[in-house]
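Chemist: Sharing a structure here in structure tokens format.
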Amino acid sequence: MNNQPNVKATATAKVIKPDQIHHVLAEGAVGLALEYTVTDDKTGKITSHGIQKSESFVQQFLQLLFLMMNMTPPVAAATDVRDTSNTLRNVVHGGSNWYCGALITDATYGIQVGTGNTAPVISNYVMETLIAHGVAGGQLQYSAVTFAAPAADATTSQFTITRNFANGSGGAITVNEIGLVCRAYDVAGSFVTVRYFLIVRDVIGGGIAVPNGQTLTINYRPQAVV
Amino acid sequence: MRAIVGIKRFDKDFKLLEKRSFPSRSFTFNFIKLLYLYFADVQDAAGQTGVDITNTARAITNQDYTSGAQYQWWKGQGMISAPGGDAGIYCAPASHFSAGVQGYYNLRLLAGNMVGLQVGTGVGAVAPGDYAMGTRVANGGAANQLEYGACELLNIVFADPNGQFTIRRYFTNNSGGGITVQETGLYSPFIRGPFDSDGNNTADLFCICRDLTGAVAVADTEILEMTYTIQITV
């Protein structure tokens, strides 16, 4: 595929200096700042950029938080949480829950993008129309998910989750929805299995146009504001 | 996500004397670090640190100790629910569970009253870097002490576009005198890294939320109910 961008093996998550933290949440809120940037891979020029408050923690986020705080033990008092395959899973408090560091090409979790534009509801458990990894028509190349360590200023604490999506499909793609999917473990008898759970879904009004040969970078920044 | 702090004060016969609520405004830097530990599955080598309730910088980690078919299952990282008083609760940073093998190593026994919802008399303004209550009210029946009940998490409810659950703890004043509560918050254990060669380690307590309540005068024999209701709205 000549003149097609290659997915970057590592996205560039950087620790934000305290004086550079964007404040998008109200006092007392815990949420995410959502930043998107489209960059022309040939020229390095930014062709589109925006920062906004992520609107939509969904049901699974609160359930996993409850499990974490309630230290639900193995194989007892398990709580059913709906995974991305629309199946209720017996998730327990576990040290490896919440992880969203998907590797390059892995579109099953981490930050995901899609073309669905239906407004989020609290019961969303999967992206409406997930864009697959690849270079075929309608596909984007998923980089690895990277993280930047926490930082804080006088009012706001945050860290950064980053993923790049390179468009080598040969045509323009409009991203309308962005989401965050994490791993957690469910238990059946003595066996544990990794499952995937949507915890955030946002719909971008008007969408984000990603022309062929350009790369979309998504930063989700979990924040707490005093 | 936001939280609502609820305050109810009862007499010894559980007659309601005072009731009010207000938005929490103070999830701390430590809460964001807790999410970071989990989301990024932070390993020992990352060198992440946090300041615990003793104002000591601690190495914090989400690293699992695994050997063969053993899996680290449950280590209590981020737990809030706890028994009341001095009843112990185990934090198991190197616990293992697998088919046919269940064991817990180097358990850290924490007093239940030190985990979960707390109250204090400090009035200092809240800040992201708060690492402890300003002046924590100790558990007990002596002067200036309150008896800490169990810290419970009540069931999650969802009704689109909202979802919520509640953290609740009762405090009984058997101190013989009045106590004026001015602050509340949440304490939770984080796992200390790195593990030693046997996969053992310990845990430290961190303040993940702190709020000023305004004066809540709790007379002798009265009961104080404190709640944090955690909410999301799409």
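Within each chain, counting starts at residue 1; across the structure tokens, chains are named A, B, ... in the order shown, with ligands numbered 1 upward in that order.
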So that I can check the surroundings of stretch 144-159 of chain A, please list as an NGL selection string every protein, DNA and RNA residue that reaches within 7 Å of it, counting only C-alpha atoms and ignoring chain neighbours fewer than 4 positions away.
Modeler: (:A and (9-11 or 13-19 or 101-104 or 110 or 163 or 221-226)) or (:B and (29 or 32-33 or 36 or 40 or 127-128))
Chemist: I need the chosen residues saved as a PDB file, in the first residue's frame, with N, CA and C atoms.
Modeler:
```pdb
ATOM      1  N   ALA A   9       3.652   2.070  16.392  1.00  0.00           N
ATOM      2  CA  ALA A   9       3.667   1.022  17.405  1.00  0.00           C
ATOM      3  C   ALA A   9       3.344   1.566  18.781  1.00  0.00           C
ATOM      4  N   THR A  10       3.737   2.799  18.995  1.00  0.00           N
ATOM      5  CA  THR A  10       3.518   3.386  20.301  1.00  0.00           C
ATOM      6  C   THR A  10       2.925   4.771  20.155  1.00  0.00           C
ATOM      7  N   ALA A  11       1.791   4.970  20.775  1.00  0.00           N
ATOM      8  CA  ALA A  11       1.244   6.315  20.807  1.00  0.00           C
ATOM      9  C   ALA A  11       2.080   7.149  21.780  1.00  0.00           C
ATOM     10  N   ALA A  13       1.787   9.172  24.676  1.00  0.00           N
ATOM     11  CA  ALA A  13       1.178   9.725  25.891  1.00  0.00           C
ATOM     12  C   ALA A  13       2.245  10.430  26.699  1.00  0.00           C
ATOM     13  N   LYS A  14       1.992  11.671  27.034  1.00  0.00           N
ATOM     14  CA  LYS A  14       2.970  12.444  27.795  1.00  0.00           C
ATOM     15  C   LYS A  14       2.332  12.959  29.077  1.00  0.00           C
ATOM     16  N   VAL A  15       3.149  12.974  30.126  1.00  0.00           N
ATOM     17  CA  VAL A  15       2.667  13.556  31.375  1.00  0.00           C
ATOM     18  C   VAL A  15       2.423  15.043  31.148  1.00  0.00           C
ATOM     19  N   ILE A  16       1.232  15.493  31.520  1.00  0.00           N
ATOM     20  CA  ILE A  16       0.892  16.900  31.358  1.00  0.00           C
ATOM     21  C   ILE A  16       1.442  17.683  32.542  1.00  0.00           C
ATOM     22  N   LYS A  17       2.166  18.755  32.241  1.00  0.00           N
ATOM     23  CA  LYS A  17       2.655  19.600  33.329  1.00  0.00           C
ATOM     24  C   LYS A  17       1.468  20.286  33.990  1.00  0.00           C
ATOM     25  N   PRO A  18       1.590  20.541  35.295  1.00  0.00           N
ATOM     26  CA  PRO A  18       0.450  21.120  36.012  1.00  0.00           C
ATOM     27  C   PRO A  18      -0.126  22.368  35.355  1.00  0.00           C
ATOM     28  N   ASP A  19       0.726  23.224  34.788  1.00  0.00           N
ATOM     29  CA  ASP A  19       0.190  24.463  34.206  1.00  0.00           C
ATOM     30  C   ASP A  19      -0.421  24.231  32.827  1.00  0.00           C
ATOM     31  N   GLY A 101      -4.846  -1.421  28.532  1.00  0.00           N
ATOM     32  CA  GLY A 101      -3.638  -1.225  27.733  1.00  0.00           C
ATOM     33  C   GLY A 101      -3.518  -2.183  26.563  1.00  0.00           C
ATOM     34  N   ALA A 102      -4.442  -2.105  25.632  1.00  0.00           N
ATOM     35  CA  ALA A 102      -4.428  -3.002  24.473  1.00  0.00           C
ATOM     36  C   ALA A 102      -3.176  -2.788  23.627  1.00  0.00           C
ATOM     37  N   LEU A 103      -2.730  -3.849  23.010  1.00  0.00           N
ATOM     38  CA  LEU A 103      -1.543  -3.789  22.162  1.00  0.00           C
ATOM     39  C   LEU A 103      -1.906  -3.324  20.755  1.00  0.00           C
ATOM     40  N   ILE A 104      -0.883  -3.052  19.984  1.00  0.00           N
ATOM     41  CA  ILE A 104      -1.068  -2.634  18.605  1.00  0.00           C
ATOM     42  C   ILE A 104      -1.897  -3.671  17.845  1.00  0.00           C
ATOM     43  N   GLY A 110      -9.334  -1.249  25.159  1.00  0.00           N
ATOM     44  CA  GLY A 110      -8.620   0.021  25.114  1.00  0.00           C
ATOM     45  C   GLY A 110      -9.530   1.099  24.539  1.00  0.00           C
ATOM     46  N   ARG A 163      -4.319   6.729  22.322  1.00  0.00           N
ATOM     47  CA  ARG A 163      -4.239   5.756  21.231  1.00  0.00           C
ATOM     48  C   ARG A 163      -4.303   6.497  19.899  1.00  0.00           C
ATOM     49  N   ARG A 221      -8.463  11.676  29.471  1.00  0.00           N
ATOM     50  CA  ARG A 221      -7.758  12.055  30.706  1.00  0.00           C
ATOM     51  C   ARG A 221      -8.717  11.970  31.889  1.00  0.00           C
ATOM     52  N   PRO A 222      -8.670  10.855  32.640  1.00  0.00           N
ATOM     53  CA  PRO A 222      -9.454  10.784  33.872  1.00  0.00           C
ATOM     54  C   PRO A 222      -8.994  11.893  34.825  1.00  0.00           C
ATOM     55  N   GLN A 223      -9.953  12.653  35.329  1.00  0.00           N
ATOM     56  CA  GLN A 223      -9.647  13.807  36.168  1.00  0.00           C
ATOM     57  C   GLN A 223     -10.510  13.819  37.427  1.00  0.00           C
ATOM     58  N   ALA A 224      -9.962  14.369  38.476  1.00  0.00           N
ATOM     59  CA  ALA A 224     -10.739  14.688  39.670  1.00  0.00           C
ATOM     60  C   ALA A 224     -10.480  16.147  39.990  1.00  0.00           C
ATOM     61  N   VAL A 225     -11.553  16.892  40.216  1.00  0.00           N
ATOM     62  CA  VAL A 225     -11.440  18.332  40.443  1.00  0.00           C
ATOM     63  C   VAL A 225     -11.917  18.658  41.860  1.00  0.00           C
ATOM     64  N   VAL A 226     -11.098  19.365  42.595  1.00  0.00           N
ATOM     65  CA  VAL A 226     -11.471  19.814  43.943  1.00  0.00           C
ATOM     66  C   VAL A 226     -12.168  21.160  43.827  1.00  0.00           C
TER      67      VAL A 226
ATOM     68  N   PHE B  29      -5.907  13.450  44.691  1.00  0.00           N
ATOM     69  CA  PHE B  29      -4.893  12.952  43.745  1.00  0.00           C
ATOM     70  C   PHE B  29      -4.711  11.446  43.936  1.00  0.00           C
ATOM     71  N   ILE B  32      -7.100   9.424  41.803  1.00  0.00           N
ATOM     72  CA  ILE B  32      -6.670   9.339  40.403  1.00  0.00           C
ATOM     73  C   ILE B  32      -5.518   8.346  40.265  1.00  0.00           C
ATOM     74  N   LYS B  33      -4.623   8.334  41.255  1.00  0.00           N
ATOM     75  CA  LYS B  33      -3.522   7.366  41.205  1.00  0.00           C
ATOM     76  C   LYS B  33      -4.045   5.931  41.313  1.00  0.00           C
ATOM     77  N   TYR B  36      -5.241   5.007  38.001  1.00  0.00           N
ATOM     78  CA  TYR B  36      -4.070   4.807  37.138  1.00  0.00           C
ATOM     79  C   TYR B  36      -3.426   3.442  37.391  1.00  0.00           C
ATOM     80  N   ALA B  40      -3.713   1.217  33.964  1.00  0.00           N
ATOM     81  CA  ALA B  40      -2.445   0.957  33.282  1.00  0.00           C
ATOM     82  C   ALA B  40      -1.765  -0.295  33.811  1.00  0.00           C
ATOM     83  N   ALA B 127      -7.722  20.013  49.314  1.00  0.00           N
ATOM     84  CA  ALA B 127      -6.830  20.195  48.172  1.00  0.00           C
ATOM     85  C   ALA B 127      -6.559  18.824  47.565  1.00  0.00           C
ATOM     86  N   PRO B 128      -6.192  18.782  46.271  1.00  0.00           N
ATOM     87  CA  PRO B 128      -5.930  17.474  45.644  1.00  0.00           C
ATOM     88  C   PRO B 128      -4.887  16.657  46.387  1.00  0.00           C
TER      89      PRO B 128
END
```
Chemist: Looking only at alpha helix (DSSP H) from DSSP on the backbone, list the matching residues of stretch 2-232 of chain B as a PDB file with N, CA and C atoms, in the first residue's frame.
Modeler:
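That gives us result14.pdb:
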```pdb
ATOM      1  N   PHE B  29      -5.907  13.450  44.691  1.00  0.00           N
ATOM      2  CA  PHE B  29      -4.893  12.952  43.745  1.00  0.00           C
ATOM      3  C   PHE B  29      -4.711  11.446  43.936  1.00  0.00           C
ATOM      4  N   ASN B  30      -4.822  10.974  45.174  1.00  0.00           N
ATOM      5  CA  ASN B  30      -4.651   9.543  45.414  1.00  0.00           C
ATOM      6  C   ASN B  30      -5.728   8.715  44.713  1.00  0.00           C
ATOM      7  N   PHE B  31      -6.938   9.248  44.579  1.00  0.00           N
ATOM      8  CA  PHE B  31      -7.978   8.504  43.873  1.00  0.00           C
ATOM      9  C   PHE B  31      -7.614   8.359  42.394  1.00  0.00           C
ATOM     10  N   ILE B  32      -7.100   9.424  41.803  1.00  0.00           N
ATOM     11  CA  ILE B  32      -6.670   9.339  40.403  1.00  0.00           C
ATOM     12  C   ILE B  32      -5.518   8.346  40.265  1.00  0.00           C
ATOM     13  N   LYS B  33      -4.623   8.334  41.255  1.00  0.00           N
ATOM     14  CA  LYS B  33      -3.522   7.366  41.205  1.00  0.00           C
ATOM     15  C   LYS B  33      -4.045   5.931  41.313  1.00  0.00           C
ATOM     16  N   LEU B  34      -5.081   5.744  42.120  1.00  0.00           N
ATOM     17  CA  LEU B  34      -5.675   4.409  42.224  1.00  0.00           C
ATOM     18  C   LEU B  34      -6.217   3.956  40.872  1.00  0.00           C
ATOM     19  N   LEU B  35      -6.941   4.841  40.179  1.00  0.00           N
ATOM     20  CA  LEU B  35      -7.448   4.490  38.847  1.00  0.00           C
ATOM     21  C   LEU B  35      -6.285   4.205  37.896  1.00  0.00           C
ATOM     22  N   TYR B  36      -5.241   5.007  38.001  1.00  0.00           N
ATOM     23  CA  TYR B  36      -4.070   4.807  37.138  1.00  0.00           C
ATOM     24  C   TYR B  36      -3.426   3.442  37.391  1.00  0.00           C
ATOM     25  N   LEU B  37      -3.313   3.055  38.674  1.00  0.00           N
ATOM     26  CA  LEU B  37      -2.733   1.743  38.988  1.00  0.00           C
ATOM     27  C   LEU B  37      -3.494   0.642  38.262  1.00  0.00           C
ATOM     28  N   TYR B  38      -4.820   0.747  38.280  1.00  0.00           N
ATOM     29  CA  TYR B  38      -5.639  -0.289  37.668  1.00  0.00           C
ATOM     30  C   TYR B  38      -5.665  -0.168  36.138  1.00  0.00           C
ATOM     31  N   PHE B  39      -5.953   1.019  35.625  1.00  0.00           N
ATOM     32  CA  PHE B  39      -6.133   1.173  34.175  1.00  0.00           C
ATOM     33  C   PHE B  39      -4.861   0.800  33.416  1.00  0.00           C
TER      34      PHE B  39
END
```
Chemist: Pick out the chain B residues within 7 Å of chain A. Count only C-alpha atoms. Give them as a ChimeraX atom specification.
Modeler: /B:1-2,24-29,32-33,36,38-41,62,72-76,78-81,98-99,127-128,153,160-163,232,234
Chemist: From a DSSP calculation on the backbone, collect every residue of stretch 36-217 of chain A in strand (DSSP E) and output the set as a PDB file with C-alpha atoms, in the first residue's frame.
Modeler:
```pdb
ATOM      1  CA  TYR A  36      -8.822  14.514  19.699  1.00  0.00           C
ATOM      2  CA  THR A  37      -6.217  15.549  17.167  1.00  0.00           C
ATOM      3  CA  VAL A  38      -6.015  14.709  13.458  1.00  0.00           C
ATOM      4  CA  THR A  39      -2.539  14.982  11.974  1.00  0.00           C
ATOM      5  CA  ASP A  40      -1.410  14.798   8.365  1.00  0.00           C
ATOM      6  CA  ILE A  46      -2.657  19.284  12.664  1.00  0.00           C
ATOM      7  CA  THR A  47      -5.826  19.413  10.589  1.00  0.00           C
ATOM      8  CA  SER A  48      -8.388  19.075  13.370  1.00  0.00           C
ATOM      9  CA  HIS A  49      -8.287  19.388  17.143  1.00  0.00           C
ATOM     10  CA  GLY A  50     -10.772  19.552  19.987  1.00  0.00           C
ATOM     11  CA  ILE A  51     -11.055  19.167  23.752  1.00  0.00           C
ATOM     12  CA  GLN A  52     -14.297  18.519  25.545  1.00  0.00           C
ATOM     13  CA  LYS A  53     -15.761  16.887  28.603  1.00  0.00           C
ATOM     14  CA  THR A  79     -21.940  -9.420  40.553  1.00  0.00           C
ATOM     15  CA  ASP A  80     -23.233  -9.677  37.024  1.00  0.00           C
ATOM     16  CA  VAL A  81     -21.761  -7.176  34.613  1.00  0.00           C
ATOM     17  CA  ARG A  82     -22.639  -7.106  30.904  1.00  0.00           C
ATOM     18  CA  LEU A  88     -23.716 -11.039  31.872  1.00  0.00           C
ATOM     19  CA  ARG A  89     -20.500 -12.090  33.625  1.00  0.00           C
ATOM     20  CA  ASN A  90     -19.754 -12.921  37.246  1.00  0.00           C
ATOM     21  CA  VAL A  91     -17.010 -10.374  37.786  1.00  0.00           C
ATOM     22  CA  GLY A 110      -8.620   0.021  25.114  1.00  0.00           C
ATOM     23  CA  ILE A 111      -9.723   3.206  23.372  1.00  0.00           C
ATOM     24  CA  GLN A 112     -12.044   2.344  20.497  1.00  0.00           C
ATOM     25  CA  VAL A 113     -13.578   4.415  17.714  1.00  0.00           C
ATOM     26  CA  GLY A 114     -16.718   3.861  15.684  1.00  0.00           C
ATOM     27  CA  GLN A 141      -5.024   1.024  12.108  1.00  0.00           C
ATOM     28  CA  TYR A 142      -5.055   0.808  15.906  1.00  0.00           C
ATOM     29  CA  THR A 146      -0.198   4.122  26.194  1.00  0.00           C
ATOM     30  CA  PHE A 147      -0.442   5.897  29.517  1.00  0.00           C
ATOM     31  CA  ALA A 148       1.090   9.004  31.014  1.00  0.00           C
ATOM     32  CA  ALA A 149       1.592   9.070  34.760  1.00  0.00           C
ATOM     33  CA  PRO A 150      -0.651  11.132  37.040  1.00  0.00           C
ATOM     34  CA  ALA A 151      -0.071  14.833  37.597  1.00  0.00           C
ATOM     35  CA  ALA A 152      -1.927  17.499  39.555  1.00  0.00           C
ATOM     36  CA  THR A 156      -7.176  19.050  39.254  1.00  0.00           C
ATOM     37  CA  SER A 157      -5.593  15.593  39.295  1.00  0.00           C
ATOM     38  CA  GLN A 158      -5.360  13.538  36.126  1.00  0.00           C
ATOM     39  CA  PHE A 159      -3.555  10.966  34.017  1.00  0.00           C
ATOM     40  CA  THR A 160      -3.683  10.307  30.290  1.00  0.00           C
ATOM     41  CA  ILE A 161      -4.692   7.340  28.132  1.00  0.00           C
ATOM     42  CA  THR A 162      -3.684   7.664  24.468  1.00  0.00           C
ATOM     43  CA  ARG A 163      -4.239   5.756  21.231  1.00  0.00           C
ATOM     44  CA  ASN A 164      -3.536   6.545  17.582  1.00  0.00           C
ATOM     45  CA  PHE A 165      -5.736   5.535  14.670  1.00  0.00           C
ATOM     46  CA  ALA A 166      -4.054   5.793  11.276  1.00  0.00           C
ATOM     47  CA  ILE A 173     -13.540   7.980   7.515  1.00  0.00           C
ATOM     48  CA  THR A 174     -15.719   9.953   9.904  1.00  0.00           C
ATOM     49  CA  VAL A 175     -15.422   8.918  13.540  1.00  0.00           C
ATOM     50  CA  ASN A 176     -18.653   9.625  15.393  1.00  0.00           C
ATOM     51  CA  GLU A 177     -18.188   7.655  18.608  1.00  0.00           C
ATOM     52  CA  ILE A 178     -15.282   7.089  20.938  1.00  0.00           C
ATOM     53  CA  GLY A 179     -15.213   4.633  23.798  1.00  0.00           C
ATOM     54  CA  LEU A 180     -13.074   3.014  26.432  1.00  0.00           C
ATOM     55  CA  VAL A 181     -13.191  -0.723  27.020  1.00  0.00           C
ATOM     56  CA  CYS A 182     -11.372  -2.413  29.903  1.00  0.00           C
ATOM     57  CA  ARG A 183     -10.658  -5.978  30.911  1.00  0.00           C
ATOM     58  CA  ALA A 184     -12.003  -7.758  33.943  1.00  0.00           C
ATOM     59  CA  TYR A 185     -12.215 -11.353  35.051  1.00  0.00           C
ATOM     60  CA  ASP A 186     -15.245 -13.500  35.555  1.00  0.00           C
ATOM     61  CA  VAL A 187     -15.417 -16.690  37.516  1.00  0.00           C
ATOM     62  CA  ALA A 188     -17.072 -19.966  36.744  1.00  0.00           C
ATOM     63  CA  PHE A 191     -11.799 -20.976  36.202  1.00  0.00           C
ATOM     64  CA  VAL A 192     -11.261 -17.380  35.340  1.00  0.00           C
ATOM     65  CA  THR A 193     -11.674 -15.810  31.940  1.00  0.00           C
ATOM     66  CA  VAL A 194     -10.772 -12.403  30.622  1.00  0.00           C
ATOM     67  CA  ARG A 195     -13.820 -10.429  29.506  1.00  0.00           C
ATOM     68  CA  TYR A 196     -14.170  -6.958  28.058  1.00  0.00           C
ATOM     69  CA  PHE A 197     -16.403  -4.206  29.378  1.00  0.00           C
ATOM     70  CA  LEU A 198     -17.360  -0.839  27.914  1.00  0.00           C
ATOM     71  CA  ILE A 199     -16.967   1.816  30.612  1.00  0.00           C
ATOM     72  CA  VAL A 200     -17.115   5.048  28.591  1.00  0.00           C
ATOM     73  CA  ARG A 201     -18.891   5.960  25.351  1.00  0.00           C
ATOM     74  CA  ASP A 202     -19.014   9.388  23.759  1.00  0.00           C
ATOM     75  CA  VAL A 203     -20.662  10.580  20.581  1.00  0.00           C
ATOM     76  CA  ILE A 204     -19.023  13.529  18.866  1.00  0.00           C
ATOM     77  CA  GLY A 205     -21.469  15.963  17.324  1.00  0.00           C
ATOM     78  CA  GLY A 206     -20.700  16.271  13.645  1.00  0.00           C
ATOM     79  CA  GLY A 207     -18.053  13.594  13.857  1.00  0.00           C
ATOM     80  CA  ILE A 208     -14.290  13.791  13.331  1.00  0.00           C
ATOM     81  CA  ALA A 209     -13.207  13.533   9.710  1.00  0.00           C
ATOM     82  CA  VAL A 210     -10.056  11.494   9.258  1.00  0.00           C
ATOM     83  CA  GLN A 214      -3.936  11.109   8.336  1.00  0.00           C
ATOM     84  CA  THR A 215      -3.874   9.884  11.933  1.00  0.00           C
ATOM     85  CA  LEU A 216      -6.408  10.472  14.669  1.00  0.00           C
ATOM     86  CA  THR A 217      -4.986  10.655  18.209  1.00  0.00           C
TER      87      THR A 217
END
```
Chemist: Could you give me, as a short mmCIF file (atom, residue, chain, number, x, y, z; two decimals) with N, CA and C atoms, in the first residue's frame, the residues within 8 Å of stretch 177-194 of chain B, counting only C-alpha atoms and dropping anything in the same chain fewer than 2 positions from it?
Modeler:
```cif
data_model
loop_
_atom_site.label_atom_id
_atom_site.label_comp_id
_atom_site.auth_asym_id
_atom_site.auth_seq_id
_atom_site.Cartn_x
_atom_site.Cartn_y
_atom_site.Cartn_z
N LEU B 34 -5.08 5.74 42.12
CA LEU B 34 -5.68 4.41 42.22
C LEU B 34 -6.22 3.96 40.87
N ASP B 44 5.82 -2.71 39.39
CA ASP B 44 6.81 -2.18 40.32
C ASP B 44 7.81 -1.27 39.63
N ARG B 58 5.08 6.28 49.63
CA ARG B 58 5.16 4.83 49.48
C ARG B 58 5.21 4.46 48.01
N ALA B 59 5.97 3.43 47.71
CA ALA B 59 5.90 2.84 46.37
C ALA B 59 4.56 2.13 46.26
N ILE B 60 3.82 2.40 45.19
CA ILE B 60 2.51 1.75 45.00
C ILE B 60 2.54 1.00 43.68
N THR B 61 1.78 -0.07 43.62
CA THR B 61 1.89 -0.96 42.47
C THR B 61 0.59 -1.71 42.26
N ASN B 62 0.43 -2.21 41.05
CA ASN B 62 -0.66 -3.15 40.78
C ASN B 62 -0.09 -4.48 40.31
N GLN B 63 1.21 -4.67 40.54
CA GLN B 63 1.87 -5.85 40.01
C GLN B 63 1.34 -7.11 40.69
N LYS B 75 -6.63 -8.52 46.29
CA LYS B 75 -5.64 -7.93 47.16
C LYS B 75 -6.17 -6.72 47.91
N GLY B 76 -7.41 -6.42 47.70
CA GLY B 76 -8.02 -5.37 48.49
C GLY B 76 -7.70 -3.97 48.03
N GLN B 77 -7.00 -3.85 46.91
CA GLN B 77 -6.63 -2.52 46.43
C GLN B 77 -7.90 -1.71 46.11
N GLY B 78 -8.07 -0.62 46.81
CA GLY B 78 -9.22 0.24 46.56
C GLY B 78 -10.45 -0.10 47.36
N MET B 79 -10.36 -1.06 48.28
CA MET B 79 -11.57 -1.47 49.00
C MET B 79 -11.98 -0.39 50.00
N ILE B 80 -13.27 -0.29 50.19
CA ILE B 80 -13.87 0.69 51.09
C ILE B 80 -14.72 0.00 52.15
N CYS B 91 -6.03 -7.43 54.13
CA CYS B 91 -5.64 -6.99 52.81
C CYS B 91 -4.57 -7.97 52.37
N PRO B 93 -2.01 -8.67 49.73
CA PRO B 93 -1.27 -8.26 48.55
C PRO B 93 -0.64 -9.40 47.78
N MET B 114 -10.28 1.76 60.28
CA MET B 114 -9.34 2.57 59.51
C MET B 114 -9.62 2.52 58.01
N VAL B 115 -10.50 1.61 57.60
CA VAL B 115 -10.82 1.47 56.17
C VAL B 115 -12.22 2.01 55.92
N GLY B 116 -12.37 2.73 54.83
CA GLY B 116 -13.69 3.21 54.45
C GLY B 116 -13.96 4.62 54.95
N LEU B 117 -15.23 4.88 55.24
CA LEU B 117 -15.68 6.23 55.57
C LEU B 117 -15.14 6.68 56.93
N GLN B 118 -14.62 7.89 56.96
CA GLN B 118 -13.98 8.46 58.15
C GLN B 118 -14.65 9.78 58.52
N VAL B 119 -14.47 10.20 59.76
CA VAL B 119 -14.87 11.55 60.16
C VAL B 119 -13.74 12.18 60.98
N GLY B 120 -13.75 13.52 61.01
CA GLY B 120 -12.72 14.23 61.74
C GLY B 120 -13.20 15.58 62.19
N THR B 121 -12.31 16.28 62.85
CA THR B 121 -12.64 17.61 63.35
C THR B 121 -11.82 18.71 62.68
N GLY B 122 -11.03 18.34 61.69
CA GLY B 122 -10.22 19.33 60.99
C GLY B 122 -11.06 20.24 60.11
N VAL B 123 -10.62 21.46 59.96
CA VAL B 123 -11.38 22.44 59.17
C VAL B 123 -10.54 23.03 58.04
N MET B 133 -7.24 12.78 56.80
CA MET B 133 -8.16 13.71 57.45
C MET B 133 -7.33 14.75 58.20
N GLY B 134 -7.86 15.95 58.34
CA GLY B 134 -7.11 16.97 59.06
C GLY B 134 -6.84 16.54 60.49
N ALA B 143 -12.94 9.84 75.62
CA ALA B 143 -13.22 11.24 75.29
C ALA B 143 -12.77 11.56 73.87
N ASN B 144 -13.61 12.28 73.16
CA ASN B 144 -13.34 12.73 71.79
C ASN B 144 -13.22 11.57 70.78
N GLN B 145 -13.78 10.45 71.13
CA GLN B 145 -13.78 9.31 70.23
C GLN B 145 -15.22 8.94 69.85
N ASN B 173 -21.66 8.01 69.50
CA ASN B 173 -20.92 8.78 70.51
C ASN B 173 -21.22 8.22 71.89
N ASN B 174 -20.29 7.49 72.43
CA ASN B 174 -20.37 7.01 73.81
C ASN B 174 -19.18 7.55 74.60
N SER B 175 -18.75 8.73 74.23
CA SER B 175 -17.53 9.30 74.80
C SER B 175 -17.78 10.01 76.13
N ASP B 196 8.68 -9.05 47.28
CA ASP B 196 9.97 -9.71 47.47
C ASP B 196 9.99 -11.00 46.67
N ASN B 201 4.32 -8.97 50.26
CA ASN B 201 4.34 -7.52 50.32
C ASN B 201 3.36 -7.06 51.37
N THR B 202 3.11 -5.78 51.41
CA THR B 202 2.17 -5.26 52.37
C THR B 202 1.33 -4.18 51.72
N ALA B 203 0.52 -3.51 52.53
CA ALA B 203 -0.35 -2.47 52.00
C ALA B 203 -0.34 -1.28 52.95
N ASP B 204 -0.65 -0.12 52.42
CA ASP B 204 -0.72 1.10 53.21
C ASP B 204 -2.07 1.76 52.96
N LEU B 205 -2.49 2.60 53.91
CA LEU B 205 -3.78 3.27 53.78
C LEU B 205 -3.62 4.65 53.14
N PHE B 206 -4.55 4.95 52.23
CA PHE B 206 -4.52 6.22 51.51
C PHE B 206 -5.88 6.90 51.61
N CYS B 207 -5.85 8.22 51.65
CA CYS B 207 -7.07 9.02 51.63
C CYS B 207 -7.43 9.30 50.18
N ILE B 208 -8.59 8.83 49.74
CA ILE B 208 -8.98 9.04 48.34
C ILE B 208 -10.06 10.11 48.20
N CYS B 209 -10.59 10.59 49.30
CA CYS B 209 -11.62 11.62 49.23
C CYS B 209 -11.67 12.32 50.58
N ARG B 210 -11.86 13.63 50.55
CA ARG B 210 -12.01 14.38 51.81
C ARG B 210 -12.91 15.58 51.56
N ASP B 211 -13.86 15.79 52.48
CA ASP B 211 -14.80 16.90 52.37
C ASP B 211 -15.01 17.55 53.72
N LEU B 212 -15.21 18.84 53.67
CA LEU B 212 -15.62 19.57 54.88
C LEU B 212 -17.13 19.47 55.01
N THR B 213 -17.59 19.24 56.24
CA THR B 213 -19.02 19.03 56.47
C THR B 213 -19.71 20.24 57.07
N GLY B 214 -18.92 21.20 57.55
CA GLY B 214 -19.50 22.19 58.44
C GLY B 214 -19.72 21.53 59.80
N ALA B 215 -20.03 22.31 60.79
CA ALA B 215 -20.12 21.75 62.14
C ALA B 215 -21.33 20.82 62.29
N VAL B 216 -21.06 19.62 62.74
CA VAL B 216 -22.12 18.65 63.07
C VAL B 216 -21.88 18.26 64.53
N ALA B 217 -22.69 18.82 65.40
CA ALA B 217 -22.50 18.59 66.84
C ALA B 217 -23.17 17.28 67.23
N VAL B 218 -22.38 16.31 67.63
CA VAL B 218 -22.90 14.99 68.00
C VAL B 218 -22.78 14.86 69.51
N ALA B 219 -23.91 14.96 70.18
CA ALA B 219 -23.91 14.89 71.64
C ALA B 219 -23.67 13.45 72.11
N ASP B 220 -23.31 13.34 73.36
CA ASP B 220 -23.11 12.01 73.94
C ASP B 220 -24.37 11.17 73.75
#
```
Chemist: Rounded to one decimal, what separation in Å do you get between atom CA of A:Ile218 and atom CA of A:Ser143?
Modeler: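 Interatomic distance, atom CA of A:Ile218 to atom CA of A:Ser143: 10.8 Å.
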Chemist: Atom CA of B:Asn55 and atom CA of B:Arg168, how far apart in Å?
Modeler: 26.0 Å
